[in-house]
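Step one of this worksheet: look at the structure below.
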Amino acid sequence: MAELIKVGMADYKVGRDPASLISYGLGSCVGIAVFDPVTKVGGLAHIMLPDSNQARSTDNPAKFADTCLPLMLDDLLKMGAVKSRLLAKIAGGAQMFTFANATDIMRVGERNSEAVRMMLKKLDLRLIAEDCGGNYGRTVELKLDNGVFRVKTIDKGEKEL
Amino acid sequence: MTEDIMKLSSLELDALKEVGNVGAGNAATALSQIINRKIDMTVPQVAILPLGEVPDVVGGPEIMVAGVFLRVFGPAPSSILFLLPRDSAFLLVDMLMGRERGLTDHLDSMDESALLEIGNILAGAYLNALSFFTKFTLLPSIPALAIDMAGAILSVILSQLGQMGDHALVIETEFSTEGDGGVKGHFFLIPDPGSLGTILAAIGVKE
């Protein structure tokens, strides 16, 4: 069986075919899959927050959309990926709890997805599919043999991006 | 006030554990009265964990759980989370609704209201203890319910803590009803980053 590389919360990992990258139980966090279909090199990030500039602690750059993506891109290029070929898919950014007066804290999922889209644009990476929002959790898996990004939920079924 | 949770003394941690003990004790007593069954609870753990490891406390990020979440307002803003494995939540609903055990396999809106109300009562009981120790007036928000993967539910609180650091201080108590296959769950009190110092100072153990 192909190696299954686990990506924890506020972390990212890269790998190559035939491995798969998986991250469990994304809520407000966003999973970002980046894949080069020719070299079959890819990365999966599990970011928690949109922006490192608003945070007190920036010890872990993998926690933020703006600081995680450049790092992961760098690693992918070092592994032989070619930037113009890279394709990005994202999932997550849910609002798990609904309160009558939703504060910014509760809207972190939405802000995460927005920040990821913006950062992908800034880095000139093509976003070709996404499954964001809603009020439910997701487990995401990037298969590096074919670039399929599988999104599993508890009650909303499973889909492939 | 911000403090480095990695540098808390053992006296401060013990004080937090005691608050957790009385708080969860109150909550367990309340739950026990509602469902008319004895509740066992463990000594609270005060754990300082890397954010990504918090879901492991309840069995991993993909475990299916019911979570009742409340914000705590007042001088020491915090979050309270009452987390049950999904099967335990269904069993608790059976007990609350006077149904035969094992009958509930999904929650209708009445069941959801019942769980939310349980969350309300437990949070109130827990906060009574915290108010007693700190002399603060602490008020819970309206509760919110989600049934989903543990990682997804916890991400809400963890992302908030993530603004300040890479670790969470979690006061966690495990409880269960007597006998095999009973209701199991966890109470979590997760103080906002600035609240910890406020609580410790109010209890009189801040060093």
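Numbering starts fresh at 1 for the residues of each chain in the structure tokens, the chains themselves are lettered A, B, ... in the order given, and ligands are numbered from 1 as they appear.
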*Give the strand (DSSP E or B) residues of region 75-154 of chain B, as assigned by DSSP on the backbone, as a ChimeraX atom specification.*
/B:78-85,139-140,144-149
Pull N, CA, C and O atoms from the residues just selected and write them as a short mmCIF file (atom, residue, chain, number, x, y, z; two decimals), in the first residue's frame.
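That gives us selection.cif:
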```cif
data_model
loop_
_atom_site.label_atom_id
_atom_site.label_comp_id
_atom_site.auth_asym_id
_atom_site.auth_seq_id
_atom_site.Cartn_x
_atom_site.Cartn_y
_atom_site.Cartn_z
N SER B 78 -13.54 32.99 28.53
CA SER B 78 -13.07 31.62 28.32
C SER B 78 -14.03 30.90 27.38
O SER B 78 -15.04 31.47 26.98
N SER B 79 -13.70 29.68 27.05
CA SER B 79 -14.62 28.83 26.31
C SER B 79 -14.88 27.58 27.13
O SER B 79 -13.98 27.07 27.80
N ILE B 80 -16.11 27.13 27.09
CA ILE B 80 -16.46 25.85 27.70
C ILE B 80 -16.92 24.92 26.59
O ILE B 80 -17.70 25.32 25.72
N LEU B 81 -16.41 23.72 26.62
CA LEU B 81 -16.82 22.75 25.63
C LEU B 81 -17.17 21.46 26.38
O LEU B 81 -16.42 21.01 27.24
N PHE B 82 -18.33 20.95 26.04
CA PHE B 82 -18.81 19.73 26.64
C PHE B 82 -18.86 18.74 25.47
O PHE B 82 -19.61 18.93 24.52
N LEU B 83 -17.96 17.75 25.51
CA LEU B 83 -17.76 16.89 24.34
C LEU B 83 -18.13 15.45 24.67
O LEU B 83 -17.65 14.90 25.66
N LEU B 84 -18.98 14.86 23.85
CA LEU B 84 -19.37 13.46 24.05
C LEU B 84 -19.14 12.68 22.76
O LEU B 84 -19.47 13.20 21.69
N PRO B 85 -18.65 11.45 22.84
CA PRO B 85 -18.66 10.62 21.63
C PRO B 85 -20.10 10.53 21.12
O PRO B 85 -21.04 10.58 21.93
N LEU B 139 -20.60 34.95 32.94
CA LEU B 139 -21.87 34.59 32.33
C LEU B 139 -21.65 33.78 31.07
O LEU B 139 -20.83 34.13 30.22
N PRO B 140 -22.39 32.67 30.94
CA PRO B 140 -22.25 31.88 29.71
C PRO B 140 -23.11 32.45 28.59
O PRO B 140 -24.16 33.01 28.83
N ALA B 144 -24.13 26.47 21.68
CA ALA B 144 -24.26 26.04 20.29
C ALA B 144 -23.85 24.58 20.21
O ALA B 144 -22.98 24.13 20.96
N LEU B 145 -24.50 23.85 19.32
CA LEU B 145 -24.26 22.41 19.21
C LEU B 145 -23.73 22.04 17.84
O LEU B 145 -24.17 22.58 16.83
N ALA B 146 -22.76 21.14 17.80
CA ALA B 146 -22.32 20.58 16.53
C ALA B 146 -22.04 19.10 16.74
O ALA B 146 -21.54 18.70 17.79
N ILE B 147 -22.39 18.31 15.75
CA ILE B 147 -22.06 16.88 15.80
C ILE B 147 -21.17 16.60 14.61
O ILE B 147 -21.61 16.71 13.46
N ASP B 148 -19.93 16.32 14.89
CA ASP B 148 -18.97 16.23 13.79
C ASP B 148 -17.67 15.62 14.29
O ASP B 148 -17.60 15.10 15.40
N MET B 149 -16.61 15.77 13.46
CA MET B 149 -15.31 15.24 13.86
C MET B 149 -14.72 16.11 14.97
O MET B 149 -14.83 17.34 14.94
#
```
*Tell me which protein, DNA and RNA residues are within 12 Å of Asp108 (chain B), counting only C-alpha atoms, leaving out same-chain ones fewer than 5 positions away, and put them as a PyMOL selection string.*
chain B and resi 90+93+97+113-115
Write out as an mmCIF file with N, CA, C and O atoms, in the first residue's frame every residue belonging to chain A that has an atom at most 8 Å from any atom of chain B, counting only C-alpha atoms.
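Result file result37.cif:
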```
data_model
loop_
_atom_site.group_PDB
_atom_site.id
_atom_site.type_symbol
_atom_site.label_atom_id
_atom_site.label_comp_id
_atom_site.auth_asym_id
_atom_site.auth_seq_id
_atom_site.Cartn_x
_atom_site.Cartn_y
_atom_site.Cartn_z
ATOM 1 N N GLY A 8 -0.737 17.216 10.349
ATOM 2 C CA GLY A 8 -1.447 17.683 11.533
ATOM 3 C C GLY A 8 -1.961 19.099 11.360
ATOM 4 O O GLY A 8 -1.693 19.765 10.358
ATOM 5 N N MET A 9 -2.714 19.544 12.370
ATOM 6 C CA MET A 9 -3.211 20.916 12.389
ATOM 7 C C MET A 9 -2.022 21.877 12.445
ATOM 8 O O MET A 9 -1.062 21.629 13.157
ATOM 9 N N ALA A 10 -2.082 22.940 11.681
ATOM 10 C CA ALA A 10 -1.009 23.941 11.640
ATOM 11 C C ALA A 10 0.312 23.316 11.193
ATOM 12 O O ALA A 10 1.361 23.529 11.796
ATOM 13 N N TYR A 24 -6.840 15.083 8.913
ATOM 14 C CA TYR A 24 -8.123 14.683 9.501
ATOM 15 C C TYR A 24 -8.841 15.827 10.199
ATOM 16 O O TYR A 24 -8.209 16.638 10.881
ATOM 17 N N GLY A 25 -10.149 15.849 10.047
ATOM 18 C CA GLY A 25 -10.984 16.708 10.885
ATOM 19 C C GLY A 25 -10.744 18.190 10.750
ATOM 20 O O GLY A 25 -10.541 18.883 11.738
ATOM 21 N N LEU A 26 -10.779 18.712 9.519
ATOM 22 C CA LEU A 26 -10.676 20.154 9.329
ATOM 23 C C LEU A 26 -12.016 20.785 9.665
ATOM 24 O O LEU A 26 -13.057 20.328 9.181
ATOM 25 N N GLY A 27 -12.019 21.814 10.465
ATOM 26 C CA GLY A 27 -13.241 22.565 10.726
ATOM 27 C C GLY A 27 -13.117 23.928 10.087
ATOM 28 O O GLY A 27 -13.308 24.096 8.890
ATOM 29 N N SER A 28 -12.747 24.915 10.912
ATOM 30 C CA SER A 28 -12.524 26.255 10.371
ATOM 31 C C SER A 28 -11.193 26.333 9.623
ATOM 32 O O SER A 28 -10.937 27.283 8.892
ATOM 33 N N CYS A 29 -10.347 25.338 9.814
ATOM 34 C CA CYS A 29 -9.057 25.306 9.114
ATOM 35 C C CYS A 29 -9.272 25.024 7.628
ATOM 36 O O CYS A 29 -10.313 24.527 7.231
ATOM 37 N N MET A 48 -4.500 27.217 10.054
ATOM 38 C CA MET A 48 -5.503 27.546 11.077
ATOM 39 C C MET A 48 -6.007 28.971 10.987
ATOM 40 O O MET A 48 -7.116 29.271 11.403
ATOM 41 N N LEU A 49 -5.135 29.858 10.544
ATOM 42 C CA LEU A 49 -5.445 31.287 10.618
ATOM 43 C C LEU A 49 -5.062 31.988 9.323
ATOM 44 O O LEU A 49 -4.147 31.553 8.629
ATOM 45 N N GLN A 54 -1.535 39.607 12.188
ATOM 46 C CA GLN A 54 -2.440 39.950 13.282
ATOM 47 C C GLN A 54 -2.205 39.090 14.511
ATOM 48 O O GLN A 54 -2.906 39.198 15.502
ATOM 49 N N ALA A 55 -1.215 38.215 14.453
ATOM 50 C CA ALA A 55 -1.013 37.270 15.551
ATOM 51 C C ALA A 55 0.137 37.712 16.443
ATOM 52 O O ALA A 55 1.078 38.365 15.994
ATOM 53 N N ARG A 56 0.050 37.339 17.709
ATOM 54 C CA ARG A 56 1.122 37.654 18.650
ATOM 55 C C ARG A 56 2.309 36.722 18.470
ATOM 56 O O ARG A 56 3.440 37.093 18.653
ATOM 57 N N SER A 57 1.977 35.462 18.185
ATOM 58 C CA SER A 57 3.048 34.484 18.086
ATOM 59 C C SER A 57 3.137 33.977 16.657
ATOM 60 O O SER A 57 2.149 33.518 16.088
ATOM 61 N N THR A 58 4.282 34.094 16.050
ATOM 62 C CA THR A 58 4.446 33.615 14.680
ATOM 63 C C THR A 58 5.589 32.593 14.618
ATOM 64 O O THR A 58 6.286 32.482 13.629
ATOM 65 N N ASP A 59 5.764 31.868 15.718
ATOM 66 C CA ASP A 59 6.832 30.868 15.773
ATOM 67 C C ASP A 59 6.634 29.751 14.760
ATOM 68 O O ASP A 59 7.588 29.167 14.285
ATOM 69 N N ASN A 60 5.359 29.448 14.480
ATOM 70 C CA ASN A 60 5.078 28.367 13.548
ATOM 71 C C ASN A 60 4.448 28.928 12.276
ATOM 72 O O ASN A 60 3.243 29.153 12.224
ATOM 73 N N LYS A 63 1.119 27.728 10.470
ATOM 74 C CA LYS A 63 -0.196 27.980 11.040
ATOM 75 C C LYS A 63 -1.011 28.962 10.184
ATOM 76 O O LYS A 63 -2.227 28.962 10.220
ATOM 77 N N MET A 96 -18.285 26.068 12.290
ATOM 78 C CA MET A 96 -18.807 24.891 12.986
ATOM 79 C C MET A 96 -19.989 25.219 13.897
ATOM 80 O O MET A 96 -20.882 24.419 14.081
ATOM 81 N N PHE A 97 -19.942 26.376 14.514
ATOM 82 C CA PHE A 97 -21.015 26.755 15.448
ATOM 83 C C PHE A 97 -21.669 28.041 14.963
ATOM 84 O O PHE A 97 -20.988 28.951 14.506
ATOM 85 N N THR A 98 -22.964 28.081 15.083
ATOM 86 C CA THR A 98 -23.684 29.283 14.688
ATOM 87 C C THR A 98 -24.210 29.995 15.933
ATOM 88 O O THR A 98 -24.918 29.395 16.733
ATOM 89 N N PHE A 99 -23.827 31.218 16.085
ATOM 90 C CA PHE A 99 -24.388 32.049 17.139
ATOM 91 C C PHE A 99 -25.165 33.185 16.502
ATOM 92 O O PHE A 99 -24.887 33.574 15.371
ATOM 93 N N ILE A 105 -14.461 35.991 15.538
ATOM 94 C CA ILE A 105 -13.894 34.718 15.990
ATOM 95 C C ILE A 105 -14.605 33.562 15.320
ATOM 96 O O ILE A 105 -14.002 32.618 14.838
ATOM 97 N N MET A 106 -15.941 33.669 15.261
ATOM 98 C CA MET A 106 -16.737 32.591 14.694
ATOM 99 C C MET A 106 -16.583 32.523 13.179
ATOM 100 O O MET A 106 -16.807 31.486 12.583
ATOM 101 N N VAL A 108 -13.906 32.728 11.462
ATOM 102 C CA VAL A 108 -12.514 32.488 11.077
ATOM 103 C C VAL A 108 -12.402 31.561 9.863
ATOM 104 O O VAL A 108 -11.522 31.722 9.023
ATOM 105 N N TYR A 136 -19.791 22.011 8.596
ATOM 106 C CA TYR A 136 -19.401 20.643 8.915
ATOM 107 C C TYR A 136 -17.907 20.435 8.686
ATOM 108 O O TYR A 136 -17.263 21.177 7.941
ATOM 109 N N GLY A 137 -17.376 19.410 9.347
ATOM 110 C CA GLY A 137 -15.955 19.103 9.259
ATOM 111 C C GLY A 137 -15.618 18.264 8.036
ATOM 112 O O GLY A 137 -16.495 17.646 7.423
ATOM 113 N N ARG A 138 -14.349 18.269 7.690
ATOM 114 C CA ARG A 138 -13.893 17.523 6.508
ATOM 115 C C ARG A 138 -12.556 16.853 6.788
ATOM 116 O O ARG A 138 -11.697 17.425 7.461
ATOM 117 N N THR A 139 -12.402 15.649 6.230
ATOM 118 C CA THR A 139 -11.076 15.021 6.177
ATOM 119 C C THR A 139 -10.643 15.055 4.719
ATOM 120 O O THR A 139 -11.430 14.720 3.840
ATOM 121 N N ILE A 154 -18.910 13.616 7.464
ATOM 122 C CA ILE A 154 -19.670 12.612 8.191
ATOM 123 C C ILE A 154 -21.049 12.406 7.576
ATOM 124 O O ILE A 154 -21.440 11.288 7.302
#
```
*Selected residue, from B:Gly124, B:Gly98, B:Gly182, B:Gly204, that lies nearest to Ala15 (chain B) when counting only C-alpha atoms*: B:Gly204
Show me, as a PDB file with N, CA and C atoms, in the first residue's frame, the residues that have an atom within 9 Å of region 30-32 of chain B when counting only C-alpha atoms, minus same-chain residues fewer than 4 positions from it.
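Once everything was written out, this is part-v8.pdb:
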```
ATOM      1  N   GLY B  25     -17.078  18.845  39.233  1.00  0.00           N
ATOM      2  CA  GLY B  25     -17.861  18.161  40.262  1.00  0.00           C
ATOM      3  C   GLY B  25     -19.289  18.691  40.302  1.00  0.00           C
ATOM      4  N   ASN B  26     -19.408  20.013  40.299  1.00  0.00           N
ATOM      5  CA  ASN B  26     -20.742  20.635  40.250  1.00  0.00           C
ATOM      6  C   ASN B  26     -21.509  20.186  39.017  1.00  0.00           C
ATOM      7  N   ASN B  36     -30.658  10.955  36.671  1.00  0.00           N
ATOM      8  CA  ASN B  36     -30.913  10.038  37.769  1.00  0.00           C
ATOM      9  C   ASN B  36     -29.976   8.817  37.746  1.00  0.00           C
ATOM     10  N   ARG B  37     -28.708   9.075  37.472  1.00  0.00           N
ATOM     11  CA  ARG B  37     -27.704   8.022  37.508  1.00  0.00           C
ATOM     12  C   ARG B  37     -26.438   8.574  38.138  1.00  0.00           C
ATOM     13  N   LYS B  38     -25.703   7.691  38.755  1.00  0.00           N
ATOM     14  CA  LYS B  38     -24.447   8.109  39.376  1.00  0.00           C
ATOM     15  C   LYS B  38     -23.410   8.421  38.289  1.00  0.00           C
ATOM     16  N   ILE B  39     -22.688   9.489  38.483  1.00  0.00           N
ATOM     17  CA  ILE B  39     -21.650   9.862  37.512  1.00  0.00           C
ATOM     18  C   ILE B  39     -20.279   9.739  38.176  1.00  0.00           C
ATOM     19  N   ILE B 118     -28.816  20.827  28.412  1.00  0.00           N
ATOM     20  CA  ILE B 118     -27.833  20.150  29.268  1.00  0.00           C
ATOM     21  C   ILE B 118     -26.532  20.956  29.302  1.00  0.00           C
ATOM     22  N   ILE B 121     -26.956  23.950  31.544  1.00  0.00           N
ATOM     23  CA  ILE B 121     -26.973  23.624  32.967  1.00  0.00           C
ATOM     24  C   ILE B 121     -25.566  23.275  33.454  1.00  0.00           C
ATOM     25  N   LEU B 122     -24.862  22.468  32.668  1.00  0.00           N
ATOM     26  CA  LEU B 122     -23.515  22.059  33.065  1.00  0.00           C
ATOM     27  C   LEU B 122     -22.570  23.252  33.100  1.00  0.00           C
ATOM     28  N   ALA B 125     -23.284  25.274  36.190  1.00  0.00           N
ATOM     29  CA  ALA B 125     -22.761  24.626  37.396  1.00  0.00           C
ATOM     30  C   ALA B 125     -21.240  24.780  37.470  1.00  0.00           C
ATOM     31  N   THR B 177     -21.076   7.496  33.201  1.00  0.00           N
ATOM     32  CA  THR B 177     -22.084   6.918  34.078  1.00  0.00           C
ATOM     33  C   THR B 177     -21.608   5.534  34.484  1.00  0.00           C
TER      34      THR B 177
END
```
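Proximity ranking of A:Val34, A:Val140, A:Ile47, A:Ala65 relative to Lys83 (chain A) places A:Val34 first, based on only C-alpha atoms.
Remark: for Pro50 (chain A), the closest of the candidate residues A:Glu158, A:Glu114, A:Asp75, A:Asp36 is A:Glu114 (distances computed over only C-alpha atoms).
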*Which polymer residues have any atom within 9 Å of an atom of Val116 (chain A), counting only C-alpha atoms, with same-chain residues fewer than 5 positions away left out, as a list in words?*
Val30, Ile32, Ile47, Pro50, Ala65, Asp66, Leu69, Ile90, Arg111 and Lys121 of chain A
Could you save the residues just selected, with C-alpha atoms, as a CSV table (one decimal), in the first residue's frame?
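Below you can see selection14.csv, which holds the result:
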```
chain,number,residue,atom,x,y,z
A,30,VAL,CA,-8.4,25.1,5.4
A,32,ILE,CA,-4.5,23.4,0.6
A,47,ILE,CA,-3.7,26.2,8.0
A,50,PRO,CA,-5.5,33.8,7.8
A,65,ALA,CA,-2.2,31.1,5.1
A,66,ASP,CA,0.2,33.9,4.3
A,69,LEU,CA,2.1,28.6,1.3
A,90,ILE,CA,-8.7,23.8,-1.3
A,111,ARG,CA,-11.6,34.5,6.6
A,121,LYS,CA,-3.3,34.5,-6.5
```
*Distance of CA of Asp192 (chain B) from CA of Ser10 (chain B), expressed in Å to one decimal place*: 20.0 Å
*Extract, using only C-alpha atoms, all DNA, RNA and protein residues at most 9 Å from Thr173 (chain B), discarding same-chain residues fewer than 6 positions from it, and format them as a ChimeraX atom specification.*
/B:20-21,24,41-46,185-188
Convert the current residue selection to file output with all heavy atoms, as a short mmCIF file (atom, residue, chain, number, x, y, z; two decimals), in the first residue's frame.
```cif
data_model
loop_
_atom_site.label_atom_id
_atom_site.label_comp_id
_atom_site.auth_asym_id
_atom_site.auth_seq_id
_atom_site.Cartn_x
_atom_site.Cartn_y
_atom_site.Cartn_z
N GLY B 20 -10.95 23.22 38.39
CA GLY B 20 -11.54 22.23 37.49
C GLY B 20 -12.26 21.14 38.26
O GLY B 20 -13.33 20.68 37.87
N ASN B 21 -11.68 20.76 39.38
CA ASN B 21 -12.25 19.69 40.20
C ASN B 21 -13.63 20.07 40.73
O ASN B 21 -14.60 19.33 40.61
CB ASN B 21 -11.30 19.41 41.36
CG ASN B 21 -11.36 17.98 41.83
OD1 ASN B 21 -12.09 17.17 41.27
ND2 ASN B 21 -10.61 17.67 42.85
N ALA B 24 -16.10 20.80 37.60
CA ALA B 24 -16.60 19.58 36.96
C ALA B 24 -17.43 18.77 37.94
O ALA B 24 -18.39 18.11 37.56
CB ALA B 24 -15.44 18.76 36.43
N MET B 41 -16.30 10.69 37.89
CA MET B 41 -15.41 11.58 37.14
C MET B 41 -13.97 11.42 37.59
O MET B 41 -13.70 11.02 38.72
CB MET B 41 -15.86 13.03 37.25
CG MET B 41 -15.98 13.55 38.67
SD MET B 41 -16.28 15.32 38.65
CE MET B 41 -14.70 15.91 39.27
N THR B 42 -13.08 11.70 36.66
CA THR B 42 -11.66 11.58 36.97
C THR B 42 -11.15 12.89 37.56
O THR B 42 -11.81 13.92 37.46
CB THR B 42 -10.85 11.28 35.71
OG1 THR B 42 -11.08 12.35 34.78
CG2 THR B 42 -11.27 9.96 35.07
N VAL B 43 -9.99 12.83 38.18
CA VAL B 43 -9.33 14.07 38.62
C VAL B 43 -9.00 14.87 37.36
O VAL B 43 -8.52 14.31 36.39
CB VAL B 43 -8.04 13.72 39.38
CG1 VAL B 43 -7.27 14.99 39.73
CG2 VAL B 43 -8.36 12.92 40.62
N PRO B 44 -9.31 16.16 37.37
CA PRO B 44 -9.07 16.94 36.15
C PRO B 44 -7.59 16.96 35.75
O PRO B 44 -6.71 16.95 36.61
CB PRO B 44 -9.52 18.35 36.52
CG PRO B 44 -10.26 18.23 37.78
CD PRO B 44 -9.85 16.97 38.45
N GLN B 45 -7.38 16.95 34.48
CA GLN B 45 -6.04 17.12 33.95
C GLN B 45 -5.88 18.58 33.54
O GLN B 45 -6.74 19.12 32.87
CB GLN B 45 -5.85 16.27 32.68
CG GLN B 45 -6.05 14.79 32.89
CD GLN B 45 -4.96 14.20 33.75
OE1 GLN B 45 -3.79 14.48 33.53
NE2 GLN B 45 -5.34 13.42 34.76
N VAL B 46 -4.81 19.19 33.97
CA VAL B 46 -4.47 20.50 33.43
C VAL B 46 -3.32 20.26 32.48
O VAL B 46 -2.20 19.97 32.89
CB VAL B 46 -4.08 21.48 34.54
CG1 VAL B 46 -3.69 22.83 33.93
CG2 VAL B 46 -5.23 21.67 35.50
N GLY B 185 -17.92 11.27 28.52
CA GLY B 185 -17.70 12.57 27.91
C GLY B 185 -16.58 13.34 28.57
O GLY B 185 -15.93 12.84 29.48
N HIS B 186 -16.37 14.54 28.07
CA HIS B 186 -15.33 15.41 28.61
C HIS B 186 -15.88 16.81 28.81
O HIS B 186 -16.63 17.31 27.98
CB HIS B 186 -14.16 15.54 27.63
CG HIS B 186 -13.35 14.30 27.47
ND1 HIS B 186 -13.73 13.27 26.64
CD2 HIS B 186 -12.18 13.92 28.02
CE1 HIS B 186 -12.82 12.31 26.70
NE2 HIS B 186 -11.88 12.68 27.52
N PHE B 187 -15.49 17.42 29.92
CA PHE B 187 -15.69 18.86 30.08
C PHE B 187 -14.36 19.54 29.79
O PHE B 187 -13.33 19.13 30.31
CB PHE B 187 -16.01 19.24 31.52
CG PHE B 187 -17.25 18.66 32.09
CD1 PHE B 187 -17.19 17.75 33.14
CD2 PHE B 187 -18.48 19.05 31.61
CE1 PHE B 187 -18.34 17.22 33.69
CE2 PHE B 187 -19.64 18.52 32.17
CZ PHE B 187 -19.56 17.60 33.21
N PHE B 188 -14.40 20.61 29.02
CA PHE B 188 -13.20 21.41 28.81
C PHE B 188 -13.45 22.84 29.24
O PHE B 188 -14.47 23.43 28.88
CB PHE B 188 -12.82 21.47 27.33
CG PHE B 188 -12.30 20.19 26.77
CD1 PHE B 188 -13.14 19.33 26.10
CD2 PHE B 188 -10.98 19.85 26.91
CE1 PHE B 188 -12.65 18.15 25.56
CE2 PHE B 188 -10.49 18.67 26.39
CZ PHE B 188 -11.33 17.82 25.72
#
```
*When distances are computed from only C-alpha atoms, which of A:Ala94, A:Cys68, A:Met119, A:Ala2 shows the smallest separation from Asn135 (chain A)?*
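Comparing A:Ala94, A:Cys68, A:Met119, A:Ala2 against Asn135 (chain A), the winner is A:Ala94.
Per DSSP on the backbone, alpha helix (DSSP H) in chain A comprises Ala65, Asp66, Thr67, Cys68, Leu69, Pro70, Leu71, Met72, Leu73, Asp74, Asp75, Leu76, Leu77, Lys78, Val108, Gly109, Glu110, Arg111, Asn112, Ser113, Glu114, Ala115, Val116, Arg117, Met118, Met119, Leu120, Lys121 and Lys122 of chain A.
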Generate a file of the selected residues that holds N, CA and C atoms, formatted as a tab-separated table (two decimals), in the first residue's frame.
```tsv
chain	number	residue	atom	x	y	z
A	65	ALA	N	-2.08	31.17	6.60
A	65	ALA	CA	-2.15	31.09	5.14
A	65	ALA	C	-1.01	31.85	4.48
A	66	ASP	N	-0.72	33.04	4.97
A	66	ASP	CA	0.24	33.90	4.25
A	66	ASP	C	1.68	33.42	4.39
A	67	THR	N	2.01	32.72	5.46
A	67	THR	CA	3.39	32.29	5.64
A	67	THR	C	3.61	30.82	5.29
A	68	CYS	N	2.54	30.03	5.32
A	68	CYS	CA	2.69	28.60	5.04
A	68	CYS	C	2.90	28.33	3.56
A	69	LEU	N	2.08	28.97	2.72
A	69	LEU	CA	2.12	28.65	1.29
A	69	LEU	C	3.47	28.88	0.63
A	70	PRO	N	4.14	30.03	0.89
A	70	PRO	CA	5.46	30.21	0.28
A	70	PRO	C	6.46	29.12	0.68
A	71	LEU	N	6.38	28.68	1.93
A	71	LEU	CA	7.29	27.61	2.40
A	71	LEU	C	7.03	26.31	1.67
A	72	MET	N	5.75	25.97	1.56
A	72	MET	CA	5.40	24.71	0.90
A	72	MET	C	5.79	24.76	-0.57
A	73	LEU	N	5.57	25.91	-1.21
A	73	LEU	CA	5.93	26.09	-2.61
A	73	LEU	C	7.43	25.87	-2.81
A	74	ASP	N	8.20	26.46	-1.93
A	74	ASP	CA	9.65	26.31	-1.97
A	74	ASP	C	10.07	24.84	-1.94
A	75	ASP	N	9.47	24.11	-0.99
A	75	ASP	CA	9.79	22.68	-0.85
A	75	ASP	C	9.42	21.91	-2.11
A	76	LEU	N	8.28	22.26	-2.70
A	76	LEU	CA	7.83	21.55	-3.90
A	76	LEU	C	8.79	21.80	-5.06
A	77	LEU	N	9.24	23.04	-5.18
A	77	LEU	CA	10.16	23.37	-6.27
A	77	LEU	C	11.49	22.63	-6.08
A	78	LYS	N	11.91	22.53	-4.83
A	78	LYS	CA	13.15	21.80	-4.54
A	78	LYS	C	13.02	20.32	-4.90
A	108	VAL	N	-13.91	32.73	11.46
A	108	VAL	CA	-12.51	32.49	11.08
A	108	VAL	C	-12.40	31.56	9.86
A	109	GLY	N	-13.35	30.63	9.71
A	109	GLY	CA	-13.32	29.71	8.57
A	109	GLY	C	-13.40	30.45	7.25
A	110	GLU	N	-14.37	31.36	7.19
A	110	GLU	CA	-14.57	32.16	5.99
A	110	GLU	C	-13.34	33.02	5.69
A	111	ARG	N	-12.79	33.61	6.74
A	111	ARG	CA	-11.62	34.46	6.56
A	111	ARG	C	-10.42	33.62	6.12
A	112	ASN	N	-10.35	32.40	6.63
A	112	ASN	CA	-9.27	31.50	6.20
A	112	ASN	C	-9.33	31.22	4.70
A	113	SER	N	-10.54	30.84	4.21
A	113	SER	CA	-10.63	30.52	2.78
A	113	SER	C	-10.32	31.75	1.93
A	114	GLU	N	-10.80	32.91	2.36
A	114	GLU	CA	-10.51	34.14	1.60
A	114	GLU	C	-9.00	34.38	1.53
A	115	ALA	N	-8.33	34.23	2.68
A	115	ALA	CA	-6.89	34.49	2.73
A	115	ALA	C	-6.13	33.50	1.85
A	116	VAL	N	-6.59	32.24	1.84
A	116	VAL	CA	-5.90	31.23	1.02
A	116	VAL	C	-6.05	31.57	-0.46
A	117	ARG	N	-7.27	31.93	-0.87
A	117	ARG	CA	-7.48	32.30	-2.28
A	117	ARG	C	-6.59	33.46	-2.68
A	118	MET	N	-6.50	34.44	-1.80
A	118	MET	CA	-5.71	35.63	-2.09
A	118	MET	C	-4.22	35.27	-2.21
A	119	MET	N	-3.77	34.42	-1.30
A	119	MET	CA	-2.35	34.04	-1.29
A	119	MET	C	-2.00	33.21	-2.53
A	120	LEU	N	-2.91	32.34	-2.95
A	120	LEU	CA	-2.66	31.55	-4.15
A	120	LEU	C	-2.51	32.47	-5.36
A	121	LYS	N	-3.36	33.49	-5.42
A	121	LYS	CA	-3.33	34.46	-6.50
A	121	LYS	C	-1.99	35.20	-6.49
A	122	LYS	N	-1.61	35.61	-5.29
A	122	LYS	CA	-0.37	36.37	-5.14
A	122	LYS	C	0.85	35.55	-5.58
```
*Do you know which residues are at most 9 Å from Leu16 (chain B) counting only C-alpha atoms, after dropping those on the same chain fewer than 6 positions away, and could you put them as a VMD selection string?*
chain B and resid 46 171 199 to 200
_What does the structure give for the distance between CA of Tyr126 (chain B) and CA of Ala27 (chain B), in Å to one decimal?_
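Computing the Euclidean distance for CA of Tyr126 (chain B) and CA of Ala27 (chain B) yields 5.4 Å.
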*Which neighbours of Thr137 (chain B) fall inside 10 Å, counting only C-alpha atoms, when residues of the same chain fewer than 3 positions from it are skipped, and could you give them as a list in words?*
Phe73, Gly74, Pro75, Ala76, Leu127, Asn128, Leu130, Ser131, Phe132 and Thr134 of chain B
